[in-house]
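Undergrad: To be precise about what I am sending: the file is called run-v3.csv and holds CSV, C-alpha atoms.
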chain,number,residue,atom,x,y,z
A,1,MET,CA,0.0,0.0,0.0
A,2,THR,CA,1.2,3.5,-0.7
A,3,ASN,CA,1.9,6.2,1.9
A,4,SER,CA,-1.2,8.2,1.0
A,5,ASP,CA,-3.4,5.5,2.5
A,6,GLN,CA,-1.9,6.2,6.0
A,7,PRO,CA,-4.1,8.4,8.2
A,8,ALA,CA,-1.2,10.8,8.8
A,9,ASN,CA,-1.2,11.8,5.2
A,10,ALA,CA,-5.0,11.9,4.8
A,11,GLY,CA,-5.2,15.7,4.7
A,12,THR,CA,-2.5,16.3,2.1
A,13,PRO,CA,-3.3,14.8,-1.3
A,14,PRO,CA,-0.2,13.6,-3.3
A,15,SER,CA,1.4,16.3,-5.4
A,16,ARG,CA,0.1,16.5,-9.0
A,17,GLY,CA,3.1,18.3,-10.4
A,18,LYS,CA,3.8,22.0,-10.9
A,19,ILE,CA,2.1,22.4,-14.3
A,20,ALA,CA,-1.0,20.6,-13.2
A,21,GLU,CA,-1.3,22.6,-10.0
A,22,ARG,CA,-0.9,25.9,-12.0
A,23,LEU,CA,-3.2,25.1,-14.9
A,24,LEU,CA,-5.7,22.9,-13.1
A,25,PRO,CA,-5.9,24.5,-9.6
A,26,GLY,CA,-8.5,23.6,-7.0
A,27,GLY,CA,-11.5,21.3,-7.2
A,28,GLU,CA,-11.2,17.6,-6.9
A,29,GLU,CA,-10.1,14.8,-9.2
A,30,PRO,CA,-12.9,14.0,-11.5
A,31,ASP,CA,-14.0,10.4,-12.3
A,32,PRO,CA,-11.0,8.8,-14.2
A,33,ARG,CA,-13.4,7.9,-17.1
A,34,PHE,CA,-14.3,11.6,-17.6
A,35,THR,CA,-10.6,12.5,-17.7
A,36,LEU,CA,-9.9,9.8,-20.3
A,37,ALA,CA,-13.0,10.9,-22.3
A,38,ASN,CA,-11.7,14.5,-22.3
A,39,GLU,CA,-8.3,13.3,-23.5
A,40,ARG,CA,-9.9,11.3,-26.4
A,41,THR,CA,-11.9,14.3,-27.5
A,42,PHE,CA,-8.7,16.3,-27.4
A,43,LEU,CA,-7.0,13.7,-29.6
A,44,ALA,CA,-9.9,13.7,-32.1
A,45,TRP,CA,-9.4,17.5,-32.4
A,46,ILE,CA,-5.7,17.1,-32.8
A,47,ARG,CA,-6.2,14.6,-35.6
A,48,THR,CA,-8.6,17.0,-37.3
A,49,SER,CA,-5.9,19.7,-37.1
A,50,LEU,CA,-3.3,17.3,-38.5
A,51,ALA,CA,-5.7,16.5,-41.4
A,52,LEU,CA,-5.9,20.2,-42.1
A,53,LEU,CA,-2.1,20.5,-42.0
A,54,ALA,CA,-1.8,17.6,-44.4
A,55,GLY,CA,-4.4,19.2,-46.7
A,56,GLY,CA,-2.5,22.5,-46.7
A,57,ILE,CA,0.8,20.8,-47.6
A,58,ALA,CA,-0.9,18.7,-50.3
A,59,ILE,CA,-2.5,21.8,-51.9
A,60,GLU,CA,0.9,23.6,-52.0
A,61,ALA,CA,2.7,20.5,-53.3
A,62,PHE,CA,0.4,19.0,-55.8
A,63,THR,CA,-1.8,21.6,-57.4
A,64,SER,CA,0.6,23.9,-59.2
A,65,ASP,CA,-0.9,23.1,-62.6
A,66,LEU,CA,-4.5,23.6,-61.3
A,67,PHE,CA,-4.5,26.8,-59.3
A,68,LEU,CA,-2.9,30.2,-59.9
A,69,GLU,CA,0.0,30.8,-57.5
A,70,PRO,CA,-1.8,33.3,-55.2
A,71,VAL,CA,-4.9,31.1,-54.9
A,72,ARG,CA,-2.7,28.0,-54.2
A,73,LYS,CA,-0.6,29.8,-51.6
A,74,GLY,CA,-3.7,31.5,-50.0
A,75,LEU,CA,-5.5,28.2,-49.6
A,76,ALA,CA,-2.5,26.5,-48.2
A,77,VAL,CA,-1.9,29.2,-45.7
A,78,VAL,CA,-5.6,29.2,-44.7
A,79,LEU,CA,-5.5,25.5,-44.0
A,80,LEU,CA,-2.2,25.5,-42.2
A,81,LEU,CA,-3.2,28.5,-40.1
A,82,LEU,CA,-6.5,26.7,-39.2
A,83,GLY,CA,-4.6,23.6,-38.3
A,84,MET,CA,-2.3,25.6,-36.1
A,85,LEU,CA,-5.2,27.4,-34.4
A,86,LEU,CA,-7.1,24.2,-33.9
A,87,SER,CA,-4.0,22.5,-32.3
A,88,ALA,CA,-3.7,25.4,-29.8
A,89,GLY,CA,-7.5,25.6,-29.4
A,90,SER,CA,-7.9,21.9,-28.6
A,91,ALA,CA,-5.4,22.2,-25.8
A,92,VAL,CA,-7.2,25.3,-24.4
A,93,ARG,CA,-10.5,23.4,-24.7
A,94,TRP,CA,-9.0,20.4,-22.9
A,95,VAL,CA,-7.8,22.6,-20.0
A,96,ARG,CA,-11.2,24.4,-19.7
A,97,VAL,CA,-13.2,21.1,-19.7
A,98,GLU,CA,-10.8,19.6,-17.2
A,99,ARG,CA,-11.2,22.7,-14.9
A,100,SER,CA,-15.0,22.5,-15.2
A,101,MET,CA,-15.0,18.8,-14.3
A,102,ARG,CA,-12.7,19.4,-11.3
A,103,ASN,CA,-15.2,22.1,-10.0
A,104,LYS,CA,-18.3,20.1,-11.0
A,105,ALA,CA,-19.3,23.1,-13.2
A,106,PRO,CA,-21.1,23.0,-16.6
A,107,LEU,CA,-18.8,22.3,-19.5
A,108,PRO,CA,-17.8,25.4,-21.5
A,109,LEU,CA,-19.1,25.9,-25.1
A,110,PRO,CA,-16.5,24.8,-27.7
A,111,LEU,CA,-15.1,27.9,-29.3
A,112,ILE,CA,-13.2,25.8,-31.8
A,113,VAL,CA,-16.4,24.6,-33.4
A,114,PRO,CA,-17.3,28.0,-34.9
A,115,LEU,CA,-13.6,28.5,-35.7
A,116,LEU,CA,-13.5,25.3,-37.7
A,117,ALA,CA,-16.8,25.9,-39.4
A,118,GLY,CA,-16.0,29.6,-40.2
A,119,ALA,CA,-12.6,28.9,-41.7
A,120,GLY,CA,-13.9,25.9,-43.6
A,121,ALA,CA,-16.5,28.2,-45.2
A,122,VAL,CA,-13.8,30.7,-46.1
A,123,ALA,CA,-11.7,28.0,-47.8
A,124,ALA,CA,-14.7,26.8,-49.7
A,125,ALA,CA,-15.5,30.4,-50.7
A,126,VAL,CA,-11.9,30.9,-52.0
A,127,VAL,CA,-12.2,27.8,-54.3
A,128,LEU,CA,-15.7,28.8,-55.4
A,129,ILE,CA,-14.6,32.3,-56.4
A,130,PHE,CA,-11.6,30.8,-58.2
A,131,ILE,CA,-13.8,28.4,-60.2
A,132,LEU,CA,-16.3,31.1,-61.2
A,133,TRP,CA,-13.7,33.6,-62.3
A,134,ARG,CA,-11.3,31.5,-64.1
B,1,MET,CA,-13.2,-16.9,-17.7
B,2,ASP,CA,-15.2,-14.7,-15.4
B,3,SER,CA,-16.4,-11.3,-16.6
B,4,SER,CA,-14.1,-9.2,-14.3
B,5,ARG,CA,-11.0,-10.8,-15.8
B,6,SER,CA,-12.2,-10.4,-19.4
B,7,ALA,CA,-12.7,-6.6,-18.8
B,8,GLY,CA,-9.0,-6.3,-18.2
B,9,SER,CA,-7.0,-5.9,-15.1
B,10,HIS,CA,-8.6,-2.5,-14.4
B,11,GLY,CA,-12.1,-4.1,-14.3
B,12,ASP,CA,-13.7,-1.3,-16.4
B,13,PRO,CA,-16.3,-2.8,-18.7
B,14,GLY,CA,-16.1,0.3,-20.9
B,15,LEU,CA,-12.5,-0.5,-21.6
B,16,GLN,CA,-11.5,3.2,-21.3
B,17,PRO,CA,-7.7,2.6,-21.0
B,18,GLU,CA,-7.8,0.5,-24.2
B,19,ARG,CA,-9.9,3.1,-26.1
B,20,THR,CA,-7.7,6.0,-25.0
B,21,THR,CA,-4.5,4.1,-26.0
B,22,LEU,CA,-6.0,3.4,-29.4
B,23,ALA,CA,-6.9,7.1,-29.8
B,24,TRP,CA,-3.2,7.9,-29.2
B,25,GLY,CA,-2.3,5.2,-31.7
B,26,ARG,CA,-4.6,6.8,-34.3
B,27,THR,CA,-2.8,10.1,-33.6
B,28,VAL,CA,0.5,8.4,-34.3
B,29,LEU,CA,-0.8,7.3,-37.6
B,30,ALA,CA,-1.9,10.8,-38.5
B,31,LEU,CA,1.5,12.2,-37.5
B,32,VAL,CA,3.3,9.6,-39.7
B,33,THR,CA,1.0,10.5,-42.6
B,34,VAL,CA,1.7,14.2,-42.1
B,35,SER,CA,5.5,13.6,-41.9
B,36,ALA,CA,5.3,11.5,-45.1
B,37,ILE,CA,3.4,14.3,-47.0
B,38,PHE,CA,6.0,16.8,-45.8
B,39,LEU,CA,8.6,14.8,-47.7
B,40,ARG,CA,6.8,15.7,-50.9
B,41,TRP,CA,7.9,19.3,-50.3
B,42,LEU,CA,11.6,18.2,-50.4
B,43,PRO,CA,12.1,18.6,-54.2
B,44,ARG,CA,10.7,22.2,-54.3
B,45,HIS,CA,11.7,23.6,-50.9
B,46,GLY,CA,14.9,21.7,-50.1
B,47,LEU,CA,16.6,20.7,-46.9
B,48,PRO,CA,14.6,22.9,-44.4
B,49,ILE,CA,11.8,20.5,-44.9
B,50,LEU,CA,13.7,17.9,-43.0
B,51,LEU,CA,13.1,20.0,-39.9
B,52,LEU,CA,9.3,19.7,-40.4
B,53,PHE,CA,9.7,16.0,-41.0
B,54,ALA,CA,11.8,15.7,-37.9
B,55,VAL,CA,9.2,17.5,-35.7
B,56,SER,CA,6.3,15.3,-36.8
B,57,ALA,CA,8.3,12.1,-36.8
B,58,ALA,CA,9.7,12.8,-33.4
B,59,ALA,CA,6.2,13.5,-32.0
B,60,ALA,CA,4.9,10.2,-33.5
B,61,LEU,CA,7.9,8.3,-32.1
B,62,ALA,CA,7.6,9.8,-28.7
B,63,ILE,CA,3.9,8.8,-28.4
B,64,TYR,CA,4.5,5.4,-29.8
B,65,ALA,CA,7.4,4.8,-27.4
B,66,THR,CA,5.3,5.7,-24.3
B,67,GLN,CA,2.1,3.8,-25.3
B,68,ARG,CA,2.7,0.8,-23.0
B,69,ARG,CA,3.6,3.1,-20.0
B,70,ARG,CA,0.6,5.2,-20.7
B,71,TYR,CA,-1.8,2.2,-20.8
B,72,THR,CA,-0.4,0.8,-17.6
B,73,ALA,CA,-0.7,4.1,-15.8
B,74,ARG,CA,-4.3,4.6,-16.9
B,75,SER,CA,-5.3,1.0,-16.2
B,76,ARG,CA,-3.9,1.3,-12.7
B,77,GLY,CA,-5.6,4.7,-12.2
B,78,LEU,CA,-8.9,3.2,-13.1
B,79,SER,CA,-8.6,0.4,-10.6
B,80,LYS,CA,-7.7,2.9,-7.9
B,81,GLU,CA,-10.5,5.3,-9.2
B,82,ARG,CA,-8.0,8.1,-9.1
B,83,LEU,CA,-6.2,9.3,-12.2
B,84,ASP,CA,-4.1,12.5,-12.8
B,85,ALA,CA,-4.9,14.3,-16.0
B,86,ASP,CA,-1.9,13.8,-18.4
B,87,ILE,CA,-1.3,17.5,-18.9
B,88,THR,CA,2.3,17.0,-20.2
B,89,ALA,CA,1.2,14.7,-23.1
B,90,VAL,CA,-1.6,17.0,-24.1
B,91,LEU,CA,0.6,20.2,-24.1
B,92,TRP,CA,3.4,18.6,-26.0
B,93,THR,CA,1.0,17.2,-28.7
B,94,ALA,CA,-0.6,20.6,-29.1
B,95,TYR,CA,2.9,22.3,-29.3
B,96,ALA,CA,3.8,19.9,-32.1
B,97,GLY,CA,0.7,20.8,-34.0
B,98,VAL,CA,1.3,24.5,-33.6
B,99,ALA,CA,5.0,24.2,-34.5
B,100,LEU,CA,4.1,22.2,-37.7
B,101,GLY,CA,1.5,24.7,-38.7
B,102,GLY,CA,3.8,27.7,-38.1
B,103,LEU,CA,6.8,26.1,-39.9
B,104,GLY,CA,4.5,25.1,-42.8
B,105,ILE,CA,3.2,28.6,-43.2
B,106,ALA,CA,6.8,29.9,-43.2
B,107,VAL,CA,7.8,27.4,-45.9
B,108,VAL,CA,4.8,28.4,-48.1
B,109,LEU,CA,5.4,32.1,-47.8
B,110,ALA,CA,9.2,31.8,-48.3
B,111,GLY,CA,9.0,29.4,-51.3
The structure in this file should be written as structure tokens.
TA:
Amino acid sequence: MTNSDQPANAGTPPSRGKIAERLLPGGEEPDPRFTLANERTFLAWIRTSLALLAGGIAIEAFTSDLFLEPVRKGLAVVLLLLGMLLSAGSAVRWVRVERSMRNKAPLPLPLIVPLLAGAGAVAAAVVLIFILWR
Amino acid sequence: MDSSRSAGSHGDPGLQPERTTLAWGRTVLALVTVSAIFLRWLPRHGLPILLLFAVSAAAALAIYATQRRRYTARSRGLSKERLDADITAVLWTAYAGVALGGLGIAVVLAG
């Protein structure tokens, strides 16, 4: 058995590490299942952002005989930027959800959802304008 | 075989440690795909691309190498009903995504 099971240590929970105590202060440990579910959701967002990065690279690398250079570069930058913002946003979202669960508060609204939807619409609009004007 | 054994040593019928480890495994596959696509930039943009390849490949390798440790820790955490959030893994993975996006934009704008 570990030390934390002894009555002398009952009042002091084991240290969670500096970063955790700064980013996830207060509250109490949520159900481990919730923590793992939050992590899987984070990973699903990360994979979405990686797919956007891959799409951005692919557009820049493979479409030189299809798109004019400004369109090609613009689309690639939009996708790469979106992938970057989603990576950062998914970590922010993970922290906010973890905080809410520690404090038994309602989960925050996902700000990365309108971000993804809006930027996806912009990318589609760029392609549409290109097709109509070409 | 009784049901508590078939649910794994953690005894969670929802198999949360397994599903989470598989989610990390899928992320490894996505990182490997991205690093392979980066290599298609080599002919046009030259050697700096190897930095991008190195970042994504290193992230994939780091996750892959810690999979067993991660599974064991989560499995143990579930049986104790107490599990610390893996903030380090989350932050490093997000950093890798941000770095890849930023470096990619630099390459597109420079080339």
Undergrad: What are the closest atom pairs, with distances in Å to one decimal, for each residue of chain B lying within 7 Å of chain A, using only C-alpha atoms, rows by chain and rising residue number, as a Markdown table?
TA:
| residue | atom | partner | partner_atom | distance |
| --- | --- | --- | --- | --- |
| B:Gln16 | CA | A:Arg33 | CA | 6.6 |
| B:Thr20 | CA | A:Arg40 | CA | 5.9 |
| B:Ala23 | CA | A:Arg40 | CA | 6.2 |
| B:Trp24 | CA | A:Leu43 | CA | 6.9 |
| B:Thr27 | CA | A:Arg47 | CA | 6.0 |
| B:Ala30 | CA | A:Arg47 | CA | 6.4 |
| B:Val34 | CA | A:Ala54 | CA | 5.4 |
| B:Ile37 | CA | A:Ala54 | CA | 6.7 |
| B:Phe38 | CA | A:Ile57 | CA | 6.8 |
| B:Arg40 | CA | A:Ala61 | CA | 6.8 |
| B:Trp41 | CA | A:Ala61 | CA | 6.1 |
| B:Leu78 | CA | A:Pro32 | CA | 6.1 |
| B:Glu81 | CA | A:Pro32 | CA | 6.1 |
| B:Arg82 | CA | A:Pro32 | CA | 6.0 |
| B:Leu83 | CA | A:Pro32 | CA | 5.2 |
| B:Asp84 | CA | A:Arg16 | CA | 6.9 |
| B:Ala85 | CA | A:Thr35 | CA | 6.2 |
| B:Ile87 | CA | A:Ala20 | CA | 6.5 |
| B:Val90 | CA | A:Ala91 | CA | 6.7 |
| B:Leu91 | CA | A:Ala91 | CA | 6.5 |
| B:Ala94 | CA | A:Ser87 | CA | 5.0 |
| B:Gly97 | CA | A:Ser87 | CA | 5.3 |
| B:Val98 | CA | A:Met84 | CA | 4.5 |
| B:Gly101 | CA | A:Met84 | CA | 4.7 |
| B:Gly102 | CA | A:Met84 | CA | 6.8 |
| B:Gly104 | CA | A:Leu80 | CA | 6.7 |
| B:Ile105 | CA | A:Val77 | CA | 5.7 |
| B:Val108 | CA | A:Lys73 | CA | 6.6 |
Undergrad: Go ahead and compute the interatomic distance for atom CA of B:Tyr95 and atom CA of B:Thr72, in Å to one decimal.
TA: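 Spanning atom CA of B:Tyr95 to atom CA of B:Thr72 is a straight-line distance of 24.7 Å.
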Undergrad: Write out as a PyMOL selection string which residues come within 7 Å of stretch 115-127 of chain A when counting all atoms listed in the file, dropping same-chain ones fewer than 3 positions away.
TA: chain A and resi 75+78+82+111-112+130-131
Undergrad: Dump C-alpha atoms for the selected residues as a PDB file, in the frame of the given file?
TA:
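Once everything was written out, this is out-v7.pdb:
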ATOM      1  CA  LEU A  75      -5.500  28.200 -49.600  1.00  0.00           C
ATOM      2  CA  VAL A  78      -5.600  29.200 -44.700  1.00  0.00           C
ATOM      3  CA  LEU A  82      -6.500  26.700 -39.200  1.00  0.00           C
ATOM      4  CA  LEU A 111     -15.100  27.900 -29.300  1.00  0.00           C
ATOM      5  CA  ILE A 112     -13.200  25.800 -31.800  1.00  0.00           C
ATOM      6  CA  PHE A 130     -11.600  30.800 -58.200  1.00  0.00           C
ATOM      7  CA  ILE A 131     -13.800  28.400 -60.200  1.00  0.00           C
TER       8      ILE A 131
END
Undergrad: Between atom CA of B:Thr21 and atom CA of B:Ala73, what is the distance in Å, rounded to a tenth?
TA: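 Answer for the atom CA of B:Thr21 to atom CA of B:Ala73 separation: 10.9 Å.
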Undergrad: State, in Å with one decimal place, the distance from atom CA of B:Ala62 to atom CA of B:Glu18.
TA: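 That distance, rounded to one decimal, is 18.5 Å.
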Undergrad: Missing atoms in stretch 46-69 of chain A: fill them in up to N, CA and C atoms and send the result as a CSV table (one decimal), in the frame of the given file.
TA:
chain,number,residue,atom,x,y,z
A,46,ILE,N,-7.0,17.1,-32.3
A,46,ILE,CA,-5.7,17.1,-32.8
A,46,ILE,C,-5.6,16.4,-34.2
A,47,ARG,N,-6.3,15.3,-34.3
A,47,ARG,CA,-6.2,14.6,-35.6
A,47,ARG,C,-6.9,15.4,-36.7
A,48,THR,N,-8.0,16.1,-36.3
A,48,THR,CA,-8.6,17.0,-37.3
A,48,THR,C,-7.6,18.1,-37.7
A,49,SER,N,-6.9,18.7,-36.8
A,49,SER,CA,-5.9,19.7,-37.1
A,49,SER,C,-4.8,19.1,-38.0
A,50,LEU,N,-4.4,17.9,-37.7
A,50,LEU,CA,-3.3,17.3,-38.5
A,50,LEU,C,-3.8,17.0,-39.9
A,51,ALA,N,-5.1,16.7,-40.1
A,51,ALA,CA,-5.7,16.5,-41.4
A,51,ALA,C,-5.7,17.8,-42.2
A,52,LEU,N,-6.0,18.9,-41.5
A,52,LEU,CA,-5.9,20.2,-42.1
A,52,LEU,C,-4.5,20.6,-42.5
A,53,LEU,N,-3.5,20.3,-41.7
A,53,LEU,CA,-2.1,20.5,-42.0
A,53,LEU,C,-1.8,19.7,-43.3
A,54,ALA,N,-2.1,18.4,-43.3
A,54,ALA,CA,-1.8,17.6,-44.4
A,54,ALA,C,-2.5,18.1,-45.7
A,55,GLY,N,-3.7,18.6,-45.5
A,55,GLY,CA,-4.4,19.2,-46.7
A,55,GLY,C,-3.7,20.5,-47.2
A,56,GLY,N,-3.3,21.3,-46.3
A,56,GLY,CA,-2.5,22.5,-46.7
A,56,GLY,C,-1.2,22.2,-47.4
A,57,ILE,N,-0.5,21.2,-46.9
A,57,ILE,CA,0.8,20.8,-47.6
A,57,ILE,C,0.4,20.2,-48.9
A,58,ALA,N,-0.6,19.4,-49.0
A,58,ALA,CA,-0.9,18.7,-50.3
A,58,ALA,C,-1.3,19.8,-51.3
A,59,ILE,N,-2.1,20.8,-50.9
A,59,ILE,CA,-2.5,21.8,-51.9
A,59,ILE,C,-1.3,22.5,-52.5
A,60,GLU,N,-0.3,22.9,-51.6
A,60,GLU,CA,0.9,23.6,-52.0
A,60,GLU,C,1.8,22.7,-52.9
A,61,ALA,N,1.8,21.4,-52.6
A,61,ALA,CA,2.7,20.5,-53.3
A,61,ALA,C,2.2,19.9,-54.6
A,62,PHE,N,0.9,19.7,-54.7
A,62,PHE,CA,0.4,19.0,-55.8
A,62,PHE,C,-0.5,19.7,-56.8
A,63,THR,N,-0.8,21.0,-56.5
A,63,THR,CA,-1.8,21.6,-57.4
A,63,THR,C,-1.3,22.8,-58.2
A,64,SER,N,0.1,22.8,-58.5
A,64,SER,CA,0.6,23.9,-59.2
A,64,SER,C,0.1,24.0,-60.6
A,65,ASP,N,-0.4,23.0,-61.3
A,65,ASP,CA,-0.9,23.1,-62.6
A,65,ASP,C,-2.4,23.3,-62.6
A,66,LEU,N,-3.0,23.4,-61.4
A,66,LEU,CA,-4.5,23.6,-61.3
A,66,LEU,C,-4.8,25.0,-60.9
A,67,PHE,N,-4.2,25.5,-59.8
A,67,PHE,CA,-4.5,26.8,-59.3
A,67,PHE,C,-3.4,27.8,-59.6
A,68,LEU,N,-3.8,29.1,-59.8
A,68,LEU,CA,-2.9,30.2,-59.9
A,68,LEU,C,-2.1,30.2,-58.6
A,69,GLU,N,-0.9,30.8,-58.7
A,69,GLU,CA,0.0,30.8,-57.5
A,69,GLU,C,-0.7,31.5,-56.2
